[in-house]
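Okay, structure first, notes after.
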Amino acid sequence: MSVPQLLRHPWTLFLGRRTVRLLLSLLLVLTASFAMIRLVPGDPVRAALGVDAAPDLVAARRHALGLDAPFLSQYRHYLGGLLHGDLGTSLVTGTPVVELIRTRLPATLEIAGLAFVVTLAVALPGGLLAAVRTRDGRRPRTELAFTTVTAALAGVPDFVLAAGLTALLAVGLQWLPVAGAAGVGSFVLPVLALSLAPTAVLLRIVRVEALKVLGEDYLRTARSKRLSPARRYLWHVAPNTATAALTVAGSLLPALIAGTVLVEKVFAWPGIGSAMAQSVVAQDYPVVQAMVLVLGTTVLLAGLLVDVLLAVIDPRSAIREM
Amino acid sequence: MRLPSRLRHSPMAWVTAVMLASLVALALAGPLVWGAAADRPDPSAVLQGPSAAHPFGTDGLGRDLLARVLAATRPSLLLALAAVLLGAGSGILVGACTAVLGRRGRRLTAGLTNLLLAFPALLVAMFLAVVFGAGAAGAVLALAAAGVPGFARLAQTLAAGVAGTDHLAAARVLGLRRHRLLWRHVLPNIAEPLLLSTTTAAGTTLVALSGLSFLGLGVQPPGYDWGLLLSQGLDRIYAEPLPALAPGLAVLYAALAFQMLGEVLAGSVARRAPASRTPAPAPGPGCGPAEDGAVLQVEDLTVDLPTPGGTIRPVRGVSLSLRPGEAVGLVGESGSGKSLTALAVADLLPHDARVSWRTLRLLGADLATLAPRERDRHLATGLAMIFQNPASALNPSLRIGTQLTEAVRAHRGASRARAAVEAADALRRVGLPPALLRARPHQLSGGQRQRVMIASGLMVRPGLIIADEPTTALDVTVQRQITRLLTGIRRDTSAALLFISHDIALVRDVCERVLVMYAGTVVESLPAGRLADGARHPYTRALAASVPDLAADRDRPLPTIEGAPPDPSAPAPGCPFEPRCPRRQDLCAEQSPPLQDLGAGHQVACWLPVPVTAAPESVTSS
């Protein structure tokens, strides 16, 4: 392939556009996280150190944070620091924020990733099964029950569910650990709390998409071949619902990642979210700032991953975006 | 928004109404009734568990938690409503404004909203709540701002639909100012879907606001809402689950109420009118005598289909039979029941259709007596179906090879390698290169796809091929190729062909015998050569006359058949063609004529058949 051909290739165009969008969004996150500490009402340093803090200590901290420099040079300094892996230090503990991220990000990615996998693993086959059971208006009662239950579950807030699960399964029945990350058992409740609502939403979407496919002419062709139901549904229906299902699943991912902040607080899960919750209360702004940056970037990268995955599975989705 | 009457009968709508009413009542009365108890500290009853005096226990200052949860209804709801109204209002304004902006302004706002929408609203709200400062006002503003991009995009999309409409263009031509366009023409036309989204957003905003309070970014003590109560309850959940559970359940209750309101308004939960069902007509009592050597033998086939307007009978007592290698055409207007007849034979009707017959034999086997598994195998290998639209009859995500081989692999137990060899042969037989086995349907032209469908049918070596309008979706030159291919296959494999078409000229070319269907019955059966001038039924006559030939006078319009076929939901006695028939008599409206044999393979269902034309011309058929 020649260079001009390569440049016009749909994949080049798709990745190019997607990268530009990612960079723009990243710039937005960077700027927002930089601006945050300068925009908060009052003096963030005094707020963190307390009203009684000595004025020269406050001034020293302000200087250390670069808050006394001109605005633009502050911004340059901030971006430069980021490039060198310097995200500042906690006002409360004095530890480098990078250290905090290094120890806590894996824990957050673990529960968010697991919750997403659980969502897909339940909703894709479940939605297909529901579509098959209720196709062409069969079993109207099952259909009503399905739509009602999934609508209700989709409305259950993750942190409320987390509190309920703790009360019931951890405190009441004592089946699972109450809080913290220790062993496989400790993953169950956070992952369950994070994945329930997205699963319910996705179940409905997959069912509707599969019903659409079941009404297609090529399913009649498959029926005329008298294939086994397993072959018919897994080979002829499932692949044709994948694009729509993954698109919706991808759009649920950002909210799931944001939900970790609340859910981690409930379970005292040692991740980014609980660090953010603690530093919000402590008004430890450098930490809050970094956590916003990390969560925002995670959301953006997850979105990129889903889009590329979709383009691989269904090249038409990449071209559609042009 | 006008509620459809069926909502009044939906239990979901009633439950939602009761939940919302209880929330409103609590929000109004809560602080008045329980406000005092909620704020009264009791140092002698600090951090108590549930008791008769305090059903949910007390908090760190000895205040009654039940009273606090109930009294918190007002702030929780009011703050959420304020946030959603503020956010929706600004968002809709931003989005709707873009409809009347120029192209550049539209692209800029669209780009910006898309950029912001990459981030979850909760994360944006947390960020803004920190910036605005922890507190109820800051949280409301933060949530409102976080909701703006979503509403802006929705309004933008909806308004773009309005912007393209004629009456906005007309209003522009009239020189209306932008803000007048906005208020008079854009907003009223997108109000309903926006109201629906605002309802749903009220629920999620309530949850998000509770979340912010739960994090310490929302309502600050001494004030309280459900989120803050949940946060305080969580600290002692190990000892007492109820102080955390109660406010959590309150959030859940309110969130569900709004969620269900959205569902009910969207109408997706509203109970559908159940399809009226009629008892299935008893299947034929046993099978008629087997006709010697017939590939397909159908007697008295009837199909009933439930429709919203009641059950209709689109196929009424159809009989037909095909000998090996014979090509029979089934012609008639759309809606005459010819496709349903084919689908009934192939057992492909919708599941709520009711089929009955006196005889249904395929390749000598009575389909009613076969066990389901044997029946499937018999149908799959004895019969091949070719459908009208090759563009949609092939699965877009499977390779051609997979689609060709799956039937023989399932029913003849062919190995993968053996099936692949057969598939390559089948493709060659229909004039396609075997390399196409690796292709996917979207890489093929319409004619190629129909050839693939035919090849797929050939794979099972069927005794009968049913082709349902196989060329209707193709252009004329490709039509010829496909019909020639079908004729060649019939000659080579001695498979019988049931060729369904509304194109009488095509049927004359392809088939030896023709069945003419009208309103679900066979009205005439005759050798194809006699179609042009030997037809005895007035309907067949009219059909044949509507086909132009080379001798037709091109200055005169082609004759058409006046009137429309009878309404299948209101069958009348008598001959179904009677209302349109030029030769009708009193008897025709009273009794339906039976199919009578005229000899020489010709049958007609008419009380007063058209007399045979004096001198039968020699009919050319290719």
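By convention in this document, the chains of the structure tokens carry letters A, B, ... by their order, each chain's residues are numbered from 1, and ligands are numbered from 1 in the order they are shown.
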Could you build a table of the residues in chain A lying no more than 6 Å from chain B, giving for each the nearest pair of atoms and their separation in Å rounded to one decimal place, using only C-alpha atoms, ordered by chain and ascending residue number, as JSON lines?
```
{"residue": "A:Met36", "atom": "CA", "partner": "B:Val131", "partner_atom": "CA", "distance": 5.9}
{"residue": "A:Leu39", "atom": "CA", "partner": "B:Val131", "partner_atom": "CA", "distance": 5.8}
{"residue": "A:Val40", "atom": "CA", "partner": "B:Val131", "partner_atom": "CA", "distance": 4.5}
{"residue": "A:Gly155", "atom": "CA", "partner": "B:Leu256", "partner_atom": "CA", "distance": 5.8}
{"residue": "A:Val160", "atom": "CA", "partner": "B:Gly248", "partner_atom": "CA", "distance": 5.1}
{"residue": "A:Ala167", "atom": "CA", "partner": "B:Pro241", "partner_atom": "CA", "distance": 5.3}
{"residue": "A:Val171", "atom": "CA", "partner": "B:Tyr238", "partner_atom": "CA", "distance": 5.9}
{"residue": "A:Asp217", "atom": "CA", "partner": "B:Ala393", "partner_atom": "CA", "distance": 5.0}
{"residue": "A:Tyr218", "atom": "CA", "partner": "B:Ala393", "partner_atom": "CA", "distance": 4.1}
{"residue": "A:Lys225", "atom": "CA", "partner": "B:Ala380", "partner_atom": "CA", "distance": 5.3}
{"residue": "A:Arg226", "atom": "CA", "partner": "B:Ala380", "partner_atom": "CA", "distance": 5.7}
{"residue": "A:Pro254", "atom": "CA", "partner": "B:Pro120", "partner_atom": "CA", "distance": 5.3}
{"residue": "A:Ala255", "atom": "CA", "partner": "B:Pro120", "partner_atom": "CA", "distance": 5.1}
{"residue": "A:Ala258", "atom": "CA", "partner": "B:Leu123", "partner_atom": "CA", "distance": 5.6}
{"residue": "A:Ala277", "atom": "CA", "partner": "B:Leu215", "partner_atom": "CA", "distance": 5.9}
```
Write out as a PDB file with C-alpha atoms, in the first residue's frame which residues come within 12 Å of B:Asp503 when counting only C-alpha atoms, dropping same-chain ones fewer than 3 positions away.
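Everything below was put into selection_24.pdb:
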```pdb
ATOM      1  CA  GLY B 329     -46.500 -21.842 -11.232  1.00  0.00           C
ATOM      2  CA  LEU B 330     -48.574 -20.270  -8.490  1.00  0.00           C
ATOM      3  CA  VAL B 331     -49.825 -16.870  -9.623  1.00  0.00           C
ATOM      4  CA  GLY B 332     -52.102 -14.244  -8.161  1.00  0.00           C
ATOM      5  CA  GLU B 333     -52.142 -10.699  -6.850  1.00  0.00           C
ATOM      6  CA  SER B 334     -50.301  -9.900  -3.642  1.00  0.00           C
ATOM      7  CA  ASP B 468     -41.169 -17.479  -3.776  1.00  0.00           C
ATOM      8  CA  GLU B 469     -40.896 -14.524  -6.156  1.00  0.00           C
ATOM      9  CA  PRO B 470     -37.194 -15.311  -6.629  1.00  0.00           C
ATOM     10  CA  THR B 471     -36.601 -12.615  -9.221  1.00  0.00           C
ATOM     11  CA  THR B 472     -38.875  -9.802  -8.079  1.00  0.00           C
ATOM     12  CA  GLN B 479     -34.145 -12.146 -13.740  1.00  0.00           C
ATOM     13  CA  PHE B 499     -42.615 -21.166  -8.749  1.00  0.00           C
ATOM     14  CA  ILE B 500     -44.543 -18.393  -7.046  1.00  0.00           C
ATOM     15  CA  LEU B 506     -42.570 -15.123 -16.309  1.00  0.00           C
ATOM     16  CA  VAL B 507     -44.613 -18.069 -15.035  1.00  0.00           C
ATOM     17  CA  ARG B 508     -45.663 -18.909 -18.581  1.00  0.00           C
ATOM     18  CA  ASP B 509     -41.991 -19.113 -19.548  1.00  0.00           C
ATOM     19  CA  VAL B 510     -40.792 -21.164 -16.596  1.00  0.00           C
ATOM     20  CA  CYS B 511     -43.650 -23.524 -15.788  1.00  0.00           C
ATOM     21  CA  VAL B 514     -50.178 -22.919 -13.577  1.00  0.00           C
ATOM     22  CA  VAL B 516     -54.189 -19.238 -10.300  1.00  0.00           C
ATOM     23  CA  LEU B 543     -54.706 -11.361 -15.612  1.00  0.00           C
ATOM     24  CA  ALA B 544     -53.589 -12.666 -18.977  1.00  0.00           C
ATOM     25  CA  SER B 546     -53.030  -7.305 -18.483  1.00  0.00           C
ATOM     26  CA  VAL B 547     -49.730  -8.705 -19.818  1.00  0.00           C
ATOM     27  CA  PRO B 548     -48.420  -6.791 -22.825  1.00  0.00           C
TER      28      PRO B 548
END
```
Restricting the calculation to only C-alpha atoms, which member of A:Arg104, A:Lys265, A:Arg18, A:Arg135 is positioned closest to A:Val308? A:Arg18
Just the number, please: distance in Å from atom CA of A:Pro10 to atom CA of B:Gly401, one decimal. 26.9 Å
Rounded to one decimal in Å, what is the spacing between atom CA of A:Val132 and atom CA of A:Ala230? 10.8 Å
Return the single residue from B:Pro50, B:Gly309, B:Gly147, B:Pro609 that is closest to B:Arg584, with distances computed using only C-alpha atoms. B:Pro609
Please give the complete set of residues from stretch 127-352 of chain B that DSSP, run on the backbone, assigns to alpha helix (DSSP H), formatted as an MDAnalysis selection string. chainID B and resid 127:132 136:163 166:173 178:180 187:215 226:234 242:266 338:345
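Atom CA of A:Leu304 to atom CA of A:Leu22 spans 7.6 Å [interatomic distance, one decimal].
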Could you tell me which of A:Val206, A:Ala163, A:Leu189, A:Leu83 comes closest to A:Trp175 if we count only C-alpha atoms? A:Leu189
